[in-house]
Amino acid sequence: KLSKKGTGFVAHYAGPGFSTQYCRTAVLPSQIWDTAGQERFQSLGVAFYHGADCCVLVFDVTAPNTFKTLDSWRDEFLIQASPRDPENFPFVVLGNKIDLENRQVATKRAQAWCYSKNNIPYFETSAKEAINVEQAFQTIARNALKQVAALLGTMAGEG
């Protein structure tokens, strides 16, 4: 079970024990970068994103502007990370703060966006209340492992 700590989504659930909590049969070294949706981090994207095996996009269900920026963050990630297969690169979307009552982004709207982007897995979460966080990180870890396996298979075929 995950413990709650810190104030942000990543601060709650990422830490030194992350790689062993979710992958009982394989070690998954993890680095999680939280840009907090700040544009000043976009210029550092190449350094942060290159070699990534999964990208997690998080928006606040009580702040529609954070949902509206998902397209630009996804596109920026794909440009700067330059994955081998951008069409099939694994993303996971988290609609966070579902514990708050002033929700402004509907579940169906977020699901439709994810479906239109190659059926990205979508989770509604509350970092504060630990709702769906463990399931989301399990999916993130699984998708990252699948990406690594696919890349290793591709590289083996190139030899």
# chains A, B, ... in the order shown; residues from 1 in each chain; ligands from 1
$ residues_around --residues "region 82-96 of chain A" --least-positions-apart "4" --cutoff "8 Å" --atoms "only C-alpha atoms" --output "JSON, numbers by chain"
{"A": [50, 51, 53, 54, 55, 56, 57, 58, 59, 60, 61, 77, 78, 110, 114, 118, 120, 121, 122, 123, 124, 125, 126, 127, 136, 139, 140, 143, 144, 147]}
$ closest_residue --among "A:Tyr49, A:Ala63, A:Pro29, A:Asp71" --to "Glu101 (chain A)" --atoms "only C-alpha atoms"
A:Ala63
$ select_by_dssp --residues "region 68-126 of chain A" --states "helix (DSSP H, G or I)" --output "list in words"
Lys68, Leu70, Asp71, Ser72, Trp73, Arg74, Asp75, Glu76, Phe77, Leu78, Ile79, Gln80, Ala81, Pro86, Glu87, Asn88, Thr107, Lys108, Arg109, Ala110, Gln111, Ala112, Trp113, Cys114, Tyr115 and Ser116 of chain A
$ residues_around --residues "region 103-106 of chain A" --least-positions-apart "3" --cutoff "6 Å" --atoms "only C-alpha atoms" --output "PDB file with N, CA and C atoms, in the first residue's frame"
ATOM      1  N   VAL A  61      -9.109  18.250 -12.278  1.00  0.00           N
ATOM      2  CA  VAL A  61     -10.509  18.214 -12.734  1.00  0.00           C
ATOM      3  C   VAL A  61     -11.283  19.460 -12.313  1.00  0.00           C
ATOM      4  N   THR A  62     -10.719  20.267 -11.417  1.00  0.00           N
ATOM      5  CA  THR A  62     -11.390  21.500 -10.995  1.00  0.00           C
ATOM      6  C   THR A  62     -10.876  22.724 -11.753  1.00  0.00           C
ATOM      7  N   PRO A  64     -10.295  23.721 -15.644  1.00  0.00           N
ATOM      8  CA  PRO A  64     -10.394  23.369 -17.062  1.00  0.00           C
ATOM      9  C   PRO A  64      -9.177  23.771 -17.892  1.00  0.00           C
ATOM     10  N   ARG A 109     -15.696  13.808 -21.002  1.00  0.00           N
ATOM     11  CA  ARG A 109     -14.847  14.679 -21.829  1.00  0.00           C
ATOM     12  C   ARG A 109     -13.399  14.189 -21.800  1.00  0.00           C
TER      13      ARG A 109
END
$ select_by_dssp --residues "region 47-130 of chain A" --states "strand (DSSP E or B)" --output "list in words"
Cys55, Val56, Leu57, Val58, Phe59, Asp60, Phe91, Val92, Val93, Leu94, Gly95, Asn96, Tyr122, Phe123, Glu124 and Ser126 of chain A
$ write_last_selection --atoms "N, CA and C atoms" --output "mmCIF file, in the first residue's frame"
data_model
loop_
_atom_site.group_PDB
_atom_site.id
_atom_site.type_symbol
_atom_site.label_atom_id
_atom_site.label_comp_id
_atom_site.auth_asym_id
_atom_site.auth_seq_id
_atom_site.Cartn_x
_atom_site.Cartn_y
_atom_site.Cartn_z
ATOM 1 N N CYS A 55 4.886 8.399 -20.501
ATOM 2 C CA CYS A 55 4.649 9.785 -20.123
ATOM 3 C C CYS A 55 3.303 9.880 -19.416
ATOM 4 N N VAL A 56 3.295 10.499 -18.254
ATOM 5 C CA VAL A 56 2.075 10.676 -17.468
ATOM 6 C C VAL A 56 1.663 12.141 -17.556
ATOM 7 N N LEU A 57 0.464 12.367 -18.054
ATOM 8 C CA LEU A 57 -0.091 13.713 -18.128
ATOM 9 C C LEU A 57 -1.151 13.835 -17.046
ATOM 10 N N VAL A 58 -1.013 14.827 -16.194
ATOM 11 C CA VAL A 58 -1.943 15.013 -15.078
ATOM 12 C C VAL A 58 -2.634 16.360 -15.240
ATOM 13 N N PHE A 59 -3.953 16.359 -15.071
ATOM 14 C CA PHE A 59 -4.683 17.618 -15.049
ATOM 15 C C PHE A 59 -5.564 17.656 -13.812
ATOM 16 N N ASP A 60 -5.974 18.844 -13.448
ATOM 17 C CA ASP A 60 -6.808 19.095 -12.278
ATOM 18 C C ASP A 60 -8.260 19.162 -12.748
ATOM 19 N N PHE A 91 1.308 6.649 -23.089
ATOM 20 C CA PHE A 91 0.913 7.755 -22.215
ATOM 21 C C PHE A 91 -0.102 7.221 -21.227
ATOM 22 N N VAL A 92 -0.220 7.872 -20.087
ATOM 23 C CA VAL A 92 -1.294 7.635 -19.124
ATOM 24 C C VAL A 92 -1.768 9.022 -18.696
ATOM 25 N N VAL A 93 -3.080 9.208 -18.640
ATOM 26 C CA VAL A 93 -3.642 10.492 -18.222
ATOM 27 C C VAL A 93 -4.327 10.323 -16.873
ATOM 28 N N LEU A 94 -4.052 11.259 -15.974
ATOM 29 C CA LEU A 94 -4.672 11.255 -14.652
ATOM 30 C C LEU A 94 -5.472 12.538 -14.467
ATOM 31 N N GLY A 95 -6.758 12.383 -14.197
ATOM 32 C CA GLY A 95 -7.596 13.514 -13.805
ATOM 33 C C GLY A 95 -7.578 13.553 -12.292
ATOM 34 N N ASN A 96 -6.842 14.486 -11.719
ATOM 35 C CA ASN A 96 -6.613 14.513 -10.277
ATOM 36 C C ASN A 96 -7.560 15.475 -9.554
ATOM 37 N N TYR A 122 -6.878 6.133 -18.873
ATOM 38 C CA TYR A 122 -7.293 7.294 -18.084
ATOM 39 C C TYR A 122 -7.734 6.854 -16.700
ATOM 40 N N PHE A 123 -7.246 7.564 -15.694
ATOM 41 C CA PHE A 123 -7.625 7.306 -14.308
ATOM 42 C C PHE A 123 -8.066 8.608 -13.665
ATOM 43 N N GLU A 124 -9.119 8.534 -12.891
ATOM 44 C CA GLU A 124 -9.521 9.668 -12.066
ATOM 45 C C GLU A 124 -8.965 9.399 -10.679
ATOM 46 N N SER A 126 -7.299 10.915 -6.723
ATOM 47 C CA SER A 126 -7.140 11.915 -5.670
ATOM 48 C C SER A 126 -5.837 11.573 -4.968
#
$ atom_distance --atom1 "CA of Ala52 (chain A)" --atom2 "CA of Ser72 (chain A)"
17.7 Å
$ atom_distance --atom1 "CA of Ser30 (chain A)" --atom2 "CA of Leu100 (chain A)"
29.4 Å
$ closest_residue --among "A:Arg142, A:Val148, A:Val133, A:Asp34" --to "Ile98 (chain A)" --atoms "only C-alpha atoms"
A:Val133
